[in-house]
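> I have a structure I would like to understand better, so I am pasting it below and will then ask my questions one at a time.
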Amino acid sequence: MSYQNLIKLKGYKPYFQWVNQHWSSRGKSLEFYKHKYLVEIYKDQHPEIVSKKSAQGGGTERCITEAIWLADQFKENALYLMPTSSIVGDMVQERVDEPINNSKYLAGRSGRLGKILSKQTDKVGLKRLGKGFVYFRGSQNANQITSVPADIVFVDERDRMIEENVPYFFKRLLHSNRKWKRTLGTPTIPGFGIDLEYEKSDQREYHIKCNHCNEWQHLNFEENVVYDWDDNLKKVSNEKLICKKCKKLVVPWECHTEWISQNKNSDVHGYFIHQLYSPFLDLKELIGNSKKTAIWELQQFFNQDLGLAYEPAGAKITEEIIKSCIRDYTIPHPCPDSVVGIDVGKVLHVVTKSKDRIVDIRKCEHFFKEDGPNSLEEYLEARQPKKIVIDALPETRSAMKLAKKFPGRVFLCYYSGLKEVKEKEIKQGKWYKVIKGEPVVHTDRTLSLDSAFNFLNKQNCFMPKNIDDYLEFKTQLKVLVRVILEDSKGNMKAEYKSQGEDHFGHAYNYVTIASDMLTRVVVPEIFTI
Ligand SMILES: [Zn+2]
């Protein structure tokens with residue numbers, strides 16, 4: 001029996017019908033005539049759905065309502081995750097509390113039980129609607145999430161989640177029969193986060209049939225938007241949304257439309273929602289945004305306005321940059337004054353450097369000799385490096401033990417940020433801080449990767465001519481992409497997003513810190529606190 005039939009039989013109210021009867025946005029019922037593209041998305045309750053979306057496409061509302069509907073209709077729990085608790089607080093007030101209070105039915109469902117359970121319910125972040133609960137949570141605190149069992153999990157703003165916490169989100173479904181998954185968000189860079197999830201889905205695009213020439217098409221900025229642009233006045237005029245074939249005006253909700261899958265092989269439903277279909281589209285503003293020149297503004301335009309991933313030029317290490325650093329030597333290369341950087345994953349990723357060049361790249365299976373062959377301890381004993389910088393997490397205890405075995409040489413590195421360092425100091429080249437008397441170095445993830453990659457950009461760190469034998473190293477350097485994004489407080493912030501495994505990228509970052517520590521050893525007080 002289909003799920004839809006089952007809910008009819010049991011007397012449950014189907015989701016889309018429930019939304020139409022009970023939900024409102026800013027005091028008004030949801031409008032589906034002009035938001036025709038949302039109808040199928042509301043009617044689709046496939047177990048796993050991803051939505052790649054521009055800002056203001058209606059995707060978040062679609063998910064909030066499903067969470068509330070589930071708790072209202074079933075004795076089940078919904079877990080709704082957003083990047084931080086502060087974003088959750090604002091969203092719940094505006095987009096959850098208000099519609100609930102505006103509906104006699106929903107207010108009754110939450111209010112009556114609210115009295116019975118007084119303290120437990122109606123806290124920001126926890127809603128009881130009838131028989132079930134909705135937990136709204138920030139994802140930054142893993143503990144807050146792991147205590148909640150859920151039947152449906154929503155991951156909203158996927159690209160802004162703390163990446164290490166992402167694997168835990170859907171584990172909350174372990175004890176549920178339903179196990180529904182919803183992932184949504186605005187993309188950032190290609191091959192990362194929601195963009196990657198959408199690539200793995202059945203990739204549904206929204207197509208319209210032109211009312212003039214009958215041409216079916218998926219609207220996009222290049223082909224369907226025309227305008228005049230005065231470059232002196234920076235002014236847009238005669239802006240139009242047109243059919244790509246006959247060039248006549250199109251109004252998306254007045255056309256025949258269809259969601260069409262671009263990848264029939266996937267069992268995950270994926271929707272690409274963007275502003276060109278929205279009745280709220282402000283074409284003048286959209287075109288104005290496309291004319292902006294700052295990297296972060298263009299990033300915003302592609303991500304927020306078009307719902308597309310975007311990789312700004314010069315944002316990562318390329319094959320050309322690596323080639324430009326190649327000099328006439330091969331690795332492994334002997335060298336008396338070496339330093340080592342180690343990133344800790346399932347195995348240990350090790351990069352060894354002299355003052356000006358990479359001299360070895362390898363993976364070690366274990367920390368210590370007693371754990372088995374090919375250990376880091378063995379390698380360090382043979383190499384005798386002067387400084388060793390190792391990822392402090394997640395194996396802090398083993399890293400500490402290593403520090404005791406090689407006293408004065410091992411430093412555990414934390415990507416803790418460097419709030420106390422002044423901008424002036426950063427400009428002077430201080431991008432890390434050694435803690436006095438402790439085998440610990442603190443740095444900022446973005447700042448240190450900026451510095452490390454600068455050495456390659458300026459050809460201040462050489463690569464061997466056999467670097468092509470170390471493909472994994474090269475790949476893992478190239479996956480880190482620098483993007484500038486708006487944080488929850490509206491500030492612009494640079495951040496490296498990763499398009500895949502990046503252990504060697506971080507090992508290279510650590511070895512660059514180690515190398516700098518070695519060259520600055522004459523003035524240690526500058527870097528210690
Ligand atoms: Zn046409």
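Each chain of the structure tokens is named A, B, ... in the order shown, its residues numbered from 1; ligands are numbered from 1 in display order.
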I'd like the contact shell of His366 in chain A - 10 Å cut-off, only C-alpha atoms, skipping same-chain residues fewer than 5 positions apart - returned as a PDB file with C-alpha atoms, in the first residue's frame.


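Done, and the output landed in result19.pdb:
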ATOM      1  CA  LYS A 346      42.585   7.179   9.463  1.00  0.00           C
ATOM      2  CA  VAL A 347      46.299   7.146   8.670  1.00  0.00           C
ATOM      3  CA  LEU A 348      48.903   9.842   9.254  1.00  0.00           C
ATOM      4  CA  ASP A 371      51.500  -0.378  17.250  1.00  0.00           C
ATOM      5  CA  GLY A 372      52.950  -1.931  14.116  1.00  0.00           C
ATOM      6  CA  PRO A 373      55.194  -1.372  11.101  1.00  0.00           C
ATOM      7  CA  ASN A 374      55.463   1.925   9.176  1.00  0.00           C
ATOM      8  CA  SER A 375      55.080   4.102  12.264  1.00  0.00           C
ATOM      9  CA  LEU A 376      55.534   7.836  12.569  1.00  0.00           C
ATOM     10  CA  GLU A 377      57.917   7.317  15.497  1.00  0.00           C
ATOM     11  CA  GLU A 378      60.221   5.221  13.341  1.00  0.00           C
TER      12      GLU A 378
END

> Give me the residues of range 127-217 of chain A that have any atom at most 8 Å from an atom of range 268-281 of chain A; for each, the nearest atom pair and the distance in Å, rounded to one decimal. Use only C-alpha atoms, sort by chain and number, and format it as JSON lines.


{"residue": "A:Tyr198", "atom": "CA", "partner": "A:Gly270", "partner_atom": "CA", "distance": 5.7}
{"residue": "A:Lys200", "atom": "CA", "partner": "A:Val268", "partner_atom": "CA", "distance": 7.6}
{"residue": "A:Ser201", "atom": "CA", "partner": "A:Val268", "partner_atom": "CA", "distance": 4.8}
{"residue": "A:Asp202", "atom": "CA", "partner": "A:His269", "partner_atom": "CA", "distance": 5.5}
{"residue": "A:Gln203", "atom": "CA", "partner": "A:Gly270", "partner_atom": "CA", "distance": 4.8}
{"residue": "A:Arg204", "atom": "CA", "partner": "A:Tyr271", "partner_atom": "CA", "distance": 4.9}
{"residue": "A:Glu205", "atom": "CA", "partner": "A:Phe272", "partner_atom": "CA", "distance": 5.7}
{"residue": "A:Tyr206", "atom": "CA", "partner": "A:Phe272", "partner_atom": "CA", "distance": 7.5}

> Could you give me, as a ChimeraX atom specification, the residues within 12 Å of Asp328 in chain A, counting only C-alpha atoms and dropping anything in the same chain fewer than 3 positions from it?

/A:323-325,331,333,357,462-467

> All residues within 9 Å of ligand 1 are required, counting only C-alpha atoms and all ligand atoms; please report them as a list in words.

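Written in the requested form, the residues are Lys209, Cys210, Asn211, His212, Cys213, Asn214, Glu215, Trp216, Ile242, Cys243, Lys244, Lys245, Cys246, Lys247, Lys248, Leu249 and Val250 of chain A.
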
> What lies within 10 Å of Ser25 in chain A using only C-alpha atoms, ignoring chain neighbours under 5 positions off, as a ChimeraX atom specification?

/A:30-31,61,94-96,98-99,102

> Run DSSP on the backbone of this structure and report the residues of range 64-145 of chain A it assigns to strand (DSSP E or B), as number ranges by chain.

A: 77-82, 123, 126-129, 132-138

> Pick out the residues sitting within 8 Å of Tyr432 in chain A, and hand them over as JSON, numbers by chain; count only C-alpha atoms, and ignore anything fewer than 3 positions along from it in its own chain.

{"A": [418, 441, 442, 443, 444, 448, 513, 527]}

> Calculated over only C-alpha atoms, which of the candidates A:Trp18, A:Phe504, A:Tyr135, A:Tyr310 has the smallest distance to Leu298 in chain A?

A:Tyr310
